[in-house]
Amino acid sequence: MAETMRVMGATGDGVEMTELPKPTPGRGEVRVKVIASAVNAGEEKVISGDFVGRFLHAKSSPLVLGWDVAGTVDTVGDGVTDIDEGAAVWGHLAYSPSQKQGAFAEYVTSPRASVAAKPDDVPYQVAAAAATVAMTSLQSLRDLGELGEGGQVLIIGAGGGIGSVAVGIGKRLGGHVTGVCSTKDVERVEALGADEVIDRKKADVLDAGSAYDVIFDTPAVSSFGRCAKALRAGGTYVTTLPDAALVMGMARALFTSKRCRFVQVASKRADLELVGGWLSDGLEVPIDSCHKIADLGSALKRQLDRGRIGRVVVDVAEGWPS
């Protein structure tokens with residue numbers, strides 16, 4: 001009889017525990033025993049049937065969600081020779097319409113290239129909280145925005161899950177960081193290291209005449225058309241969601257010297273290693289709350305709470321229903 005594992009599946013009425021066969025790593029893969037995960041906006045989009053959700057995860061049954069992973073290597077597949085069983089690792093599963101796995105489970109498999117060693121001084125909960133948001137921030141600012149030393153970057157939604165981490169990563173890339181956030185988050189974003197913080201309720205930074213090399217729209221609430229006038233020639237607008245506004249923005253950008261981009265985040269070993277070093281060195285990942293996997297329903301609800309500050313972490317290893 002095949003070994004099984006516990007998973008938490010989303011249903012129309014909430015979440016429930018069930019069992020699935022324990023996954024077997026293929027060639028070049030590792031199997032990870034999940035210790036901690038985190039909740040993202042993607043869970044609600046998949047559960048609700050949102051159009052964007054179709055690109056993030058397969059509609060499997062049971063619907064096991066969760067992308068962020070921090071845990072230990074349980075076993076390795078053929079061809080994996082550079083990591084041992086028991087090693088602490090972190091990363092995230094692929095956001096893909098073919099993704100059937102979820103981190104709200106005891107085990108997941110992952111390509112070896114998609115996980116990295118977790119620094120000993122970084123707690124599992126912090127690594128899980130950081131995975132998606134840090135990779136999204138790094139790949140948006142460095143790879144798409146080409147942010148470098150002295151570059152001017154505007155982070156919209158600097159008080160949110162991605163934005164708050166993007167502030168710290170923007171600084172570590174050498175940028176001059178301006179954060180836009182709500183009134184309640186101004187002091188917190190200042191404490192995260194932003195060079196300037198603008199209360200979105202008191203000023204419209206896009207009408208202020210400033211020129212930025214990168215505008216990172218973390219909550220995807222603006223558009224290239226709205227932001228273009230605040231970009232320098234050769235500057236880049238980056239958003240996190242593919243929608244009609246993105247398509248229109250990319251078409252409009254063809255007739256300007258400015259660029260409109262969408263980040264397709266990927267869990268890459270080299271990027272995880274880089275950010276892991278930054279986490280050890282003090283890169284802050286705000287955590288709002290930690291919930292046992294048995295209380296996943298409350299974690300999903302907390303993610304939707306407007307009063308949330310930081311990431312919602314899920315204790316997978318020790319939090320199963322009795």
# chains A, B, ... in the order shown; residues from 1 in each chain; ligands from 1
$ select_by_dssp --residues "region 122-302 of chain A" --states "strand (DSSP E or B)" --output "ChimeraX atom specification"
/A:152-156,176-181,196-199,212-217,231-239,259-262,287-292
$ residues_around --residues "region 188-201 of chain A" --least-positions-apart "2" --cutoff "12 Å" --atoms "only C-alpha atoms" --output "JSON, numbers by chain"
{"A": [150, 152, 153, 154, 155, 156, 157, 158, 159, 160, 161, 163, 164, 165, 166, 167, 168, 169, 170, 171, 172, 174, 175, 176, 177, 178, 179, 180, 181, 182, 183, 184, 185, 186, 203, 204, 205, 206, 207, 208, 282, 283, 284, 285, 286, 309, 310]}
$ select_by_dssp --residues "region 80-296 of chain A" --states "alpha helix (DSSP H)" --output "MDAnalysis selection string"
chainID A and resid 124:138 161:172 186:191 224:227 244:253 269:280 296
$ closest_residue --among "A:Ala103, A:Leu144, A:Val238, A:Ala129" --to "Pro219 (chain A)" --atoms "only C-alpha atoms"
A:Val238
$ closest_residue --among "A:Val7, A:Ala2, A:Leu63, A:Val133" --to "Gly319 (chain A)" --atoms "only C-alpha atoms"
A:Val7
$ closest_residue --among "A:Val247, A:Val108, A:Val73, A:Leu274" --to "Ala87 (chain A)" --atoms "only C-alpha atoms"
A:Val73
$ closest_residue --among "A:Glu29, A:Glu149, A:Asp217, A:Asp295" --to "Gly14 (chain A)" --atoms "only C-alpha atoms"
A:Asp295
